[in-house]
Amino acid sequence: MRSFDATSFYFNRAADMMDLSDNIRRLLVTPKREVQVQVAVERDNGEIHTYLGYRVQHDDSRGPMKGGLRYHADVDLDEVRSLAALMTWKTAVVNLPYGGAKGGIAVNPALLSLRELEQITRKFVDGIHDLIGPDMDIPAPDMGTNGEVMAWFMNQYAKYHGFSPACVTGKPVELYGLPGREEATGRGVGIFTVKLLSRLGRKPAETRVALQGFGNVGSHAAKFLSEADMKVVAISDASGGYYRPGGLDVAGMLKHAREHRGSLAGYAEAEKVTNEELLRLDVELLIPAALGGVLTKNNAADIKAGVIVEAANSPTWPEADAIFDERGIVVLPDILANAGGVTASYFEWVQNKQHYSWGLNRVRQELDRALADSFEAVWELAVSRKVSLRTAAYILGIGRVGRATILGGIA
Ligand code: NAD
């Protein structure tokens with residue numbers, strides 16, 4: 001199964017429970033536009049390298065399209081298409097006035113110098129600048145990109161269209177960014193986790209956590225969860241997993257990563273495990289916060305956690321999801337669990353448009369309130385329709401997008 005098939009499977013499962021004709025289903029799953037561009041740059045050694053960049057604009061019936069920009073070796077059109085569709089349902093679940101989009105370049109950023117990374121970013125903007133913009137499609141950081149990349153993005157876009165800080169979000173705070181945007185996805189994961197545990201009658205102090213991924217999302221989630229009294233016993237990144245049954249020193253790991261270009265490689269205060277072993281550890285809560293497709297039919301029966309919070313996009317293949325349902329494992333789906341990031345991006349975009357900025361406390365207050373409302377809406381729907389949280393989130397999202405599509409018309 002490929003990424004877009006998985007997203008479409010979840011869409012169809014929810015659509016089966018709604019009054020949606022085949023024609024409307026086809027309209028809602030079909031991306032509005034897909035673009036592939038050549039990204040040719042001169043490497044530091046003088047060689048010319050040509051990469052492929054993608055932007056998929058899935059749906060704009062509820063507003064300008066919104067979605068991250070991923071730099072990773074495995075990026076391809078199918079993955080970007082799937083992530084773009086997820087953004088359509090996600091922005092609708094948290095009721096932001098946005099549609100969904102996603103972009104990516106098939107490149108491993110860890111193998112590039114900063115100059116090369118900047119060139120790649122600027123070349124990508126050269127290729128797509130006419131198709132994006134503050135009222136059309138607004139990129140943001142995702143795996144392999146960060147505030148610095150967004151700053152280059154904004155600067156290159158301005159060369160064509162003039163000053164437009166709202167053309168991209170997740171910018172550095174010093175350059176029209178939002179205090180609290182960087183932490184927002186991980187913070188949101190933490191807020192949702194606390195709410196979910198409370199609904200399930202589980203105590204944070206009795207919750208051992210295994211977390212895969214220690215980048216933007218994973219590191220902020222780990223910090224929030226450990227401060228919320230949970231025992232984070234395992235954390236991994238691309239260098240492997242680190243396990244301490246008595247609880248990891250999360251602050252120490254954050255410091256180690258800060259001092260080693262974001263990597264945990266060389267961290268010696270824990271037992272080493274593989275990324276695959278981490279998923280199967282004896283814990284109460286599992287949080288995939290790195291790659292997609294890590295929970296499959298091959299490992300689903302061995303997962304010991306009773307609760308899974310999908311901080312990553314698309315970590316669970318449908319076969320694994322079915323096994324989790326059967327086993328009574330509660331899964332908080334990506335289109336809700338990691339929506340803190342796009343919600344804070346929305347605040348950044350609104351402020352850029354108004355040339356007015358909020359402080360961190362206001363951002364956190366607004367974020368926490370917006371996420372709490374979305375969690376309650378999905379939870380209530382799951383209870384009343386007797387469906388999983390994933391199906392409930394899809395029903396909510398598809399319903400909102402479907403109504404906007406019908407109201408707006410397609411003429
Ligand atoms: P990031 O680039 O900041 O960090 C990625 C992390 O994953 C790093 O710790 C890296 O070492 C680790 N990793 C890479 N390959 C791995 C592997 N094979 N096994 C285990 N770990 C591996 O990315 P991020 O922004 O934290 O994004 C992580 C996930 O969260 C992605 O699925 C992304 O789509 C999703 N997400 C991100 C945001 C955001 O605001 N950044 C918002 C919503 C969803």
# chains A, B, ... in the order shown; residues from 1 in each chain; ligands from 1

call {"tool": "select_by_dssp", "arguments": {"residues": "range 170-251 of chain A", "states": "helix (DSSP H, G or I)", "output": "count of residues only"}}
result
39

call {"tool": "residues_around", "arguments": {"residues": "Gly252 in chain A", "least_positions_apart": "2", "cutoff": "12 Å", "atoms": "only C-alpha atoms", "output": "JSON, numbers by chain"}}
result
{"A": [219, 222, 223, 247, 248, 249, 250, 254, 255, 256, 257, 258, 259, 264, 267, 268, 269, 270]}

call {"tool": "residues_near_ligand", "arguments": {"ligand": "ligand 1", "cutoff": "6 Å", "atoms": "only C-alpha atoms and all ligand atoms", "output": "VMD selection string"}}
result
chain A and resid 141 to 144 185 212 to 218 236 to 238 275 289 to 292 311 to 313 338 341

call {"tool": "write_last_selection", "arguments": {"atoms": "N, CA and C atoms", "output": "PDB file, in the first residue's frame"}}
result
ATOM      1  N   PRO A 141       7.073  24.818   8.059  1.00  0.00           N
ATOM      2  CA  PRO A 141       8.086  23.765   8.238  1.00  0.00           C
ATOM      3  C   PRO A 141       7.458  22.380   8.409  1.00  0.00           C
ATOM      4  N   ASP A 142       8.183  21.364   7.996  1.00  0.00           N
ATOM      5  CA  ASP A 142       7.839  19.963   8.258  1.00  0.00           C
ATOM      6  C   ASP A 142       9.183  19.260   8.443  1.00  0.00           C
ATOM      7  N   MET A 143       9.199  17.947   8.318  1.00  0.00           N
ATOM      8  CA  MET A 143      10.453  17.217   8.519  1.00  0.00           C
ATOM      9  C   MET A 143      11.567  17.785   7.655  1.00  0.00           C
ATOM     10  N   GLY A 144      12.712  18.045   8.273  1.00  0.00           N
ATOM     11  CA  GLY A 144      13.895  18.464   7.524  1.00  0.00           C
ATOM     12  C   GLY A 144      13.932  19.950   7.201  1.00  0.00           C
ATOM     13  N   THR A 185       3.472  22.298  17.810  1.00  0.00           N
ATOM     14  CA  THR A 185       3.017  20.946  17.458  1.00  0.00           C
ATOM     15  C   THR A 185       3.251  20.002  18.636  1.00  0.00           C
ATOM     16  N   GLN A 212       9.109   8.118  19.419  1.00  0.00           N
ATOM     17  CA  GLN A 212      10.020   7.987  18.278  1.00  0.00           C
ATOM     18  C   GLN A 212      10.151   9.314  17.555  1.00  0.00           C
ATOM     19  N   GLY A 213      11.393   9.839  17.481  1.00  0.00           N
ATOM     20  CA  GLY A 213      11.617  11.131  16.826  1.00  0.00           C
ATOM     21  C   GLY A 213      11.909  12.193  17.867  1.00  0.00           C
ATOM     22  N   PHE A 214      12.991  12.929  17.680  1.00  0.00           N
ATOM     23  CA  PHE A 214      13.373  13.944  18.659  1.00  0.00           C
ATOM     24  C   PHE A 214      13.738  15.231  17.927  1.00  0.00           C
ATOM     25  N   GLY A 215      12.952  15.526  16.894  1.00  0.00           N
ATOM     26  CA  GLY A 215      13.147  16.777  16.163  1.00  0.00           C
ATOM     27  C   GLY A 215      12.237  17.833  16.757  1.00  0.00           C
ATOM     28  N   ASN A 216      11.721  18.689  15.911  1.00  0.00           N
ATOM     29  CA  ASN A 216      10.858  19.755  16.404  1.00  0.00           C
ATOM     30  C   ASN A 216       9.699  19.186  17.228  1.00  0.00           C
ATOM     31  N   VAL A 217       8.948  18.260  16.659  1.00  0.00           N
ATOM     32  CA  VAL A 217       7.736  17.770  17.323  1.00  0.00           C
ATOM     33  C   VAL A 217       8.090  16.904  18.537  1.00  0.00           C
ATOM     34  N   GLY A 218       8.953  15.897  18.324  1.00  0.00           N
ATOM     35  CA  GLY A 218       9.278  14.952  19.392  1.00  0.00           C
ATOM     36  C   GLY A 218       9.923  15.609  20.595  1.00  0.00           C
ATOM     37  N   SER A 236      13.815   8.085  20.603  1.00  0.00           N
ATOM     38  CA  SER A 236      14.747   7.743  19.523  1.00  0.00           C
ATOM     39  C   SER A 236      14.840   8.885  18.539  1.00  0.00           C
ATOM     40  N   ASP A 237      15.862   8.811  17.697  1.00  0.00           N
ATOM     41  CA  ASP A 237      15.921   9.653  16.507  1.00  0.00           C
ATOM     42  C   ASP A 237      16.595   8.818  15.430  1.00  0.00           C
ATOM     43  N   ALA A 238      17.092   9.470  14.375  1.00  0.00           N
ATOM     44  CA  ALA A 238      17.675   8.689  13.280  1.00  0.00           C
ATOM     45  C   ALA A 238      18.902   7.899  13.748  1.00  0.00           C
ATOM     46  N   ASN A 275      15.116   1.492  16.611  1.00  0.00           N
ATOM     47  CA  ASN A 275      13.838   2.189  16.443  1.00  0.00           C
ATOM     48  C   ASN A 275      12.679   1.209  16.413  1.00  0.00           C
ATOM     49  N   ALA A 289       6.753  10.119  16.338  1.00  0.00           N
ATOM     50  CA  ALA A 289       6.879  11.551  16.011  1.00  0.00           C
ATOM     51  C   ALA A 289       7.979  11.759  14.972  1.00  0.00           C
ATOM     52  N   ALA A 290       8.103  10.782  14.061  1.00  0.00           N
ATOM     53  CA  ALA A 290       9.135  10.932  13.023  1.00  0.00           C
ATOM     54  C   ALA A 290       8.520  10.581  11.666  1.00  0.00           C
ATOM     55  N   LEU A 291       8.834   9.384  11.177  1.00  0.00           N
ATOM     56  CA  LEU A 291       8.414   9.016   9.829  1.00  0.00           C
ATOM     57  C   LEU A 291       6.995   8.462   9.780  1.00  0.00           C
ATOM     58  N   GLY A 292       6.442   8.409   8.578  1.00  0.00           N
ATOM     59  CA  GLY A 292       5.164   7.740   8.367  1.00  0.00           C
ATOM     60  C   GLY A 292       5.374   6.246   8.191  1.00  0.00           C
ATOM     61  N   ALA A 311       1.804  11.734  16.651  1.00  0.00           N
ATOM     62  CA  ALA A 311       2.419  13.047  16.446  1.00  0.00           C
ATOM     63  C   ALA A 311       2.931  13.180  15.016  1.00  0.00           C
ATOM     64  N   ALA A 312       3.437  12.090  14.459  1.00  0.00           N
ATOM     65  CA  ALA A 312       3.877  12.083  13.053  1.00  0.00           C
ATOM     66  C   ALA A 312       2.648  12.043  12.154  1.00  0.00           C
ATOM     67  N   ASN A 313       2.847  12.378  10.891  1.00  0.00           N
ATOM     68  CA  ASN A 313       1.777  12.199   9.914  1.00  0.00           C
ATOM     69  C   ASN A 313       1.825  10.783   9.371  1.00  0.00           C
ATOM     70  N   ASN A 338      -1.525  16.182  15.756  1.00  0.00           N
ATOM     71  CA  ASN A 338      -0.432  17.124  15.473  1.00  0.00           C
ATOM     72  C   ASN A 338      -0.939  18.458  14.912  1.00  0.00           C
ATOM     73  N   GLY A 341       0.436  22.570  15.374  1.00  0.00           N
ATOM     74  CA  GLY A 341       1.355  23.320  14.511  1.00  0.00           C
ATOM     75  C   GLY A 341       0.612  24.218  13.536  1.00  0.00           C
TER      76      GLY A 341
END

call {"tool": "closest_atom_pairs", "arguments": {"of": "range 166-264 of chain A", "to": "range 352-362 of chain A", "cutoff": "7 Å", "atoms": "only C-alpha atoms", "output": "Markdown table"}}
result
| residue | atom | partner | partner_atom | distance |
| --- | --- | --- | --- | --- |
| A:Ala166 | CA | A:Asn352 | CA | 5.3 |
| A:Tyr176 | CA | A:Asn352 | CA | 6.7 |
| A:Pro179 | CA | A:Leu360 | CA | 5.2 |
| A:Gly180 | CA | A:Leu360 | CA | 5.8 |

call {"tool": "closest_atom_pairs", "arguments": {"of": "range 187-285 of chain A", "to": "range 379-390 of chain A", "cutoff": "12 Å", "atoms": "only C-alpha atoms", "output": "tab-separated table"}}
result
residue	atom	partner	partner_atom	distance
A:Phe192	CA	A:Trp379	CA	11.0
A:Lys195	CA	A:Trp379	CA	10.1
A:Leu196	CA	A:Trp379	CA	8.9
A:Arg199	CA	A:Trp379	CA	9.0
A:Leu200	CA	A:Trp379	CA	11.1

call {"tool": "residues_around", "arguments": {"residues": "Cys167 in chain A", "least_positions_apart": "2", "cutoff": "6 Å", "atoms": "only C-alpha atoms", "output": "list in words"}}
result
Gly133, Pro134, Ile138, Ser164 and Pro165 of chain A

call {"tool": "write_last_selection", "arguments": {"atoms": "C-alpha atoms", "output": "JSON list (two decimals), in the first residue's frame"}}
result
[["chain", "number", "residue", "atom", "x", "y", "z"],
["A", 133, "GLY", "CA", 0.93, 33.21, -1.75],
["A", 134, "PRO", "CA", -0.75, 34.57, 1.40],
["A", 138, "ILE", "CA", 0.98, 29.07, 2.53],
["A", 164, "SER", "CA", 4.60, 39.45, 2.02],
["A", 165, "PRO", "CA", 5.51, 37.88, 5.36]]

call {"tool": "residues_around", "arguments": {"residues": "Val294 in chain A", "least_positions_apart": "3", "cutoff": "10 Å", "atoms": "only C-alpha atoms", "output": "ChimeraX atom specification"}}
result
/A:212,275-276,279,288,290-291,297-300,312,314-317,320

call {"tool": "closest_residue", "arguments": {"among": "A:Gly266, A:Gly240, A:Gly328, A:Gly104", "to": "Val75 in chain A", "atoms": "only C-alpha atoms"}}
result
A:Gly104

call {"tool": "atom_distance", "arguments": {"atom1": "CA of Leu336 in chain A", "atom2": "CA of Phe375 in chain A"}}
result
7.5 Å

call {"tool": "residues_around", "arguments": {"residues": "Thr30 in chain A", "least_positions_apart": "2", "cutoff": "9 Å", "atoms": "only C-alpha atoms", "output": "PyMOL selection string"}}
result
chain A and resi 25-28+32-33+58-59+85

call {"tool": "write_last_selection", "arguments": {"atoms": "C-alpha atoms", "output": "tab-separated table (two decimals), in the first residue's frame"}}
result
chain	number	residue	atom	x	y	z
A	25	ARG	CA	-16.29	11.48	-2.84
A	26	ARG	CA	-14.31	11.60	-6.06
A	27	LEU	CA	-14.37	15.39	-6.00
A	28	LEU	CA	-13.17	15.52	-2.39
A	32	LYS	CA	-6.85	20.35	-7.16
A	33	ARG	CA	-3.32	20.73	-8.53
A	58	HIS	CA	-5.42	19.29	-2.43
A	59	ASP	CA	-8.45	21.42	-1.61
A	85	ALA	CA	-4.97	15.41	1.71

call {"tool": "closest_residue", "arguments": {"among": "A:Ala322, A:Met1, A:Val107, A:Val93", "to": "Thr50 in chain A", "atoms": "only C-alpha atoms"}}
result
A:Val107

call {"tool": "residues_around", "arguments": {"residues": "Ala106 in chain A", "least_positions_apart": "4", "cutoff": "7 Å", "atoms": "only C-alpha atoms", "output": "number ranges by chain"}}
result
A: 51-53, 71-76

call {"tool": "write_last_selection", "arguments": {"atoms": "all heavy atoms", "output": "PDB file, in the first residue's frame"}}
result
ATOM      1  N   TYR A  51      17.567  18.033  -8.174  1.00  0.00           N
ATOM      2  CA  TYR A  51      16.612  17.390  -7.261  1.00  0.00           C
ATOM      3  C   TYR A  51      15.195  17.603  -7.799  1.00  0.00           C
ATOM      4  O   TYR A  51      14.978  18.455  -8.672  1.00  0.00           O
ATOM      5  CB  TYR A  51      16.723  18.004  -5.855  1.00  0.00           C
ATOM      6  CG  TYR A  51      18.115  17.918  -5.276  1.00  0.00           C
ATOM      7  CD1 TYR A  51      19.029  18.972  -5.436  1.00  0.00           C
ATOM      8  CD2 TYR A  51      18.526  16.786  -4.580  1.00  0.00           C
ATOM      9  CE1 TYR A  51      20.313  18.890  -4.916  1.00  0.00           C
ATOM     10  CE2 TYR A  51      19.815  16.698  -4.064  1.00  0.00           C
ATOM     11  CZ  TYR A  51      20.696  17.753  -4.235  1.00  0.00           C
ATOM     12  OH  TYR A  51      21.958  17.658  -3.724  1.00  0.00           O
ATOM     13  N   LEU A  52      14.253  16.835  -7.246  1.00  0.00           N
ATOM     14  CA  LEU A  52      12.857  17.017  -7.645  1.00  0.00           C
ATOM     15  C   LEU A  52      12.080  17.636  -6.483  1.00  0.00           C
ATOM     16  O   LEU A  52      12.183  17.170  -5.344  1.00  0.00           O
ATOM     17  CB  LEU A  52      12.222  15.673  -8.012  1.00  0.00           C
ATOM     18  CG  LEU A  52      12.773  15.016  -9.289  1.00  0.00           C
ATOM     19  CD1 LEU A  52      12.105  13.666  -9.530  1.00  0.00           C
ATOM     20  CD2 LEU A  52      12.560  15.937 -10.494  1.00  0.00           C
ATOM     21  N   GLY A  53      11.342  18.692  -6.780  1.00  0.00           N
ATOM     22  CA  GLY A  53      10.510  19.341  -5.773  1.00  0.00           C
ATOM     23  C   GLY A  53       9.044  19.200  -6.152  1.00  0.00           C
ATOM     24  O   GLY A  53       8.700  19.141  -7.344  1.00  0.00           O
ATOM     25  N   TYR A  71      11.829  18.170   3.609  1.00  0.00           N
ATOM     26  CA  TYR A  71      13.068  17.808   2.914  1.00  0.00           C
ATOM     27  C   TYR A  71      13.474  16.441   3.454  1.00  0.00           C
ATOM     28  O   TYR A  71      13.905  16.309   4.614  1.00  0.00           O
ATOM     29  CB  TYR A  71      14.189  18.807   3.219  1.00  0.00           C
ATOM     30  CG  TYR A  71      14.042  20.184   2.584  1.00  0.00           C
ATOM     31  CD1 TYR A  71      15.000  21.179   2.810  1.00  0.00           C
ATOM     32  CD2 TYR A  71      12.967  20.497   1.749  1.00  0.00           C
ATOM     33  CE1 TYR A  71      14.887  22.441   2.245  1.00  0.00           C
ATOM     34  CE2 TYR A  71      12.841  21.762   1.182  1.00  0.00           C
ATOM     35  CZ  TYR A  71      13.801  22.729   1.437  1.00  0.00           C
ATOM     36  OH  TYR A  71      13.685  23.985   0.887  1.00  0.00           O
ATOM     37  N   HIS A  72      13.360  15.418   2.634  1.00  0.00           N
ATOM     38  CA  HIS A  72      13.732  14.066   3.066  1.00  0.00           C
ATOM     39  C   HIS A  72      14.001  13.243   1.813  1.00  0.00           C
ATOM     40  O   HIS A  72      13.334  13.424   0.785  1.00  0.00           O
ATOM     41  CB  HIS A  72      12.595  13.446   3.892  1.00  0.00           C
ATOM     42  CG  HIS A  72      12.978  12.183   4.599  1.00  0.00           C
ATOM     43  ND1 HIS A  72      13.014  10.966   3.968  1.00  0.00           N
ATOM     44  CD2 HIS A  72      13.369  11.960   5.884  1.00  0.00           C
ATOM     45  CE1 HIS A  72      13.407  10.037   4.843  1.00  0.00           C
ATOM     46  NE2 HIS A  72      13.637  10.618   6.003  1.00  0.00           N
ATOM     47  N   ALA A  73      14.953  12.310   1.924  1.00  0.00           N
ATOM     48  CA  ALA A  73      15.346  11.518   0.755  1.00  0.00           C
ATOM     49  C   ALA A  73      14.180  10.726   0.168  1.00  0.00           C
ATOM     50  O   ALA A  73      14.153  10.456  -1.037  1.00  0.00           O
ATOM     51  CB  ALA A  73      16.489  10.586   1.137  1.00  0.00           C
ATOM     52  N   ASP A  74      13.224  10.317   1.002  1.00  0.00           N
ATOM     53  CA  ASP A  74      12.126   9.456   0.520  1.00  0.00           C
ATOM     54  C   ASP A  74      10.940  10.225  -0.058  1.00  0.00           C
ATOM     55  O   ASP A  74       9.942   9.613  -0.439  1.00  0.00           O
ATOM     56  CB  ASP A  74      11.578   8.588   1.677  1.00  0.00           C
ATOM     57  CG  ASP A  74      12.613   7.614   2.175  1.00  0.00           C
ATOM     58  OD1 ASP A  74      13.582   7.358   1.433  1.00  0.00           O
ATOM     59  OD2 ASP A  74      12.462   7.125   3.322  1.00  0.00           O
ATOM     60  N   VAL A  75      11.018  11.553  -0.087  1.00  0.00           N
ATOM     61  CA  VAL A  75       9.871  12.334  -0.599  1.00  0.00           C
ATOM     62  C   VAL A  75       9.582  11.947  -2.054  1.00  0.00           C
ATOM     63  O   VAL A  75      10.493  11.861  -2.875  1.00  0.00           O
ATOM     64  CB  VAL A  75      10.195  13.851  -0.516  1.00  0.00           C
ATOM     65  CG1 VAL A  75       9.243  14.654  -1.403  1.00  0.00           C
ATOM     66  CG2 VAL A  75      10.104  14.340   0.927  1.00  0.00           C
ATOM     67  N   ASP A  76       8.319  11.660  -2.341  1.00  0.00           N
ATOM     68  CA  ASP A  76       7.900  11.490  -3.739  1.00  0.00           C
ATOM     69  C   ASP A  76       6.475  12.038  -3.889  1.00  0.00           C
ATOM     70  O   ASP A  76       5.861  12.459  -2.895  1.00  0.00           O
ATOM     71  CB  ASP A  76       8.010  10.030  -4.210  1.00  0.00           C
ATOM     72  CG  ASP A  76       7.087   9.091  -3.439  1.00  0.00           C
ATOM     73  OD1 ASP A  76       6.144   9.577  -2.783  1.00  0.00           O
ATOM     74  OD2 ASP A  76       7.305   7.867  -3.489  1.00  0.00           O
TER      75      ASP A  76
END

call {"tool": "select_by_dssp", "arguments": {"residues": "range 211-311 of chain A", "states": "strand (DSSP E or B)", "output": "list in words"}}
result
Leu211, Gln212, Lys231, Val232, Val233, Ala234, Ile235, Ser236, Asp237, Gly240, Gly241, Tyr242, Tyr243, Glu271, Lys272, Val273, Leu285, Leu286, Ile287, Pro288, Leu295, Val307, Ile308 and Val309 of chain A

call {"tool": "residues_around", "arguments": {"residues": "range 60-70 of chain A", "least_positions_apart": "3", "cutoff": "7 Å", "atoms": "only C-alpha atoms", "output": "ChimeraX atom specification"}}
result
/A:57,84,87,97-105,135-145,401,404-405

call {"tool": "decode", "arguments": {"residues": "range 319-340 of chain A", "atoms": "N, CA and C atoms", "output": "short mmCIF file (atom, residue, chain, number, x, y, z; two decimals), in the first residue's frame"}}
result
data_model
loop_
_atom_site.label_atom_id
_atom_site.label_comp_id
_atom_site.auth_asym_id
_atom_site.auth_seq_id
_atom_site.Cartn_x
_atom_site.Cartn_y
_atom_site.Cartn_z
N GLU A 319 -3.89 -1.65 7.92
CA GLU A 319 -3.94 -3.01 8.51
C GLU A 319 -3.60 -2.96 9.99
N ALA A 320 -2.63 -2.13 10.35
CA ALA A 320 -2.25 -2.00 11.75
C ALA A 320 -3.37 -1.33 12.54
N ASP A 321 -4.01 -0.35 11.91
CA ASP A 321 -5.10 0.37 12.57
C ASP A 321 -6.22 -0.61 12.93
N ALA A 322 -6.51 -1.53 12.00
CA ALA A 322 -7.57 -2.51 12.26
C ALA A 322 -7.18 -3.41 13.43
N ILE A 323 -5.92 -3.80 13.50
CA ILE A 323 -5.46 -4.65 14.61
C ILE A 323 -5.57 -3.88 15.93
N PHE A 324 -5.19 -2.61 15.91
CA PHE A 324 -5.30 -1.80 17.14
C PHE A 324 -6.76 -1.70 17.59
N ASP A 325 -7.67 -1.49 16.64
CA ASP A 325 -9.10 -1.43 16.97
C ASP A 325 -9.55 -2.72 17.64
N GLU A 326 -9.18 -3.83 17.02
CA GLU A 326 -9.56 -5.15 17.55
C GLU A 326 -9.01 -5.37 18.97
N ARG A 327 -7.78 -4.88 19.16
CA ARG A 327 -7.12 -5.10 20.46
C ARG A 327 -7.53 -4.04 21.50
N GLY A 328 -8.37 -3.12 21.13
CA GLY A 328 -8.82 -2.09 22.07
C GLY A 328 -7.76 -1.03 22.36
N ILE A 329 -6.77 -0.93 21.49
CA ILE A 329 -5.75 0.12 21.65
C ILE A 329 -6.34 1.44 21.13
N VAL A 330 -6.26 2.47 21.94
CA VAL A 330 -6.86 3.76 21.55
C VAL A 330 -5.83 4.58 20.77
N VAL A 331 -6.22 5.01 19.57
CA VAL A 331 -5.30 5.78 18.72
C VAL A 331 -5.84 7.20 18.55
N LEU A 332 -5.04 8.19 18.94
CA LEU A 332 -5.42 9.58 18.65
C LEU A 332 -4.81 9.91 17.29
N PRO A 333 -5.65 10.17 16.27
CA PRO A 333 -5.14 10.25 14.89
C PRO A 333 -4.36 11.52 14.60
N ASP A 334 -3.44 11.39 13.65
CA ASP A 334 -2.60 12.51 13.21
C ASP A 334 -3.38 13.78 12.91
N ILE A 335 -4.55 13.65 12.24
CA ILE A 335 -5.24 14.87 11.81
C ILE A 335 -5.81 15.67 12.98
N LEU A 336 -5.76 15.08 14.18
CA LEU A 336 -6.05 15.87 15.37
C LEU A 336 -4.76 16.05 16.18
N ALA A 337 -4.03 14.95 16.40
CA ALA A 337 -2.92 14.95 17.37
C ALA A 337 -1.83 15.97 17.05
N ASN A 338 -1.53 16.18 15.76
CA ASN A 338 -0.43 17.12 15.47
C ASN A 338 -0.94 18.46 14.91
N ALA A 339 -2.22 18.76 15.16
CA ALA A 339 -2.81 19.98 14.59
C ALA A 339 -2.42 21.26 15.33
N GLY A 340 -1.67 21.13 16.43
CA GLY A 340 -1.22 22.34 17.14
C GLY A 340 -0.34 23.21 16.25
#
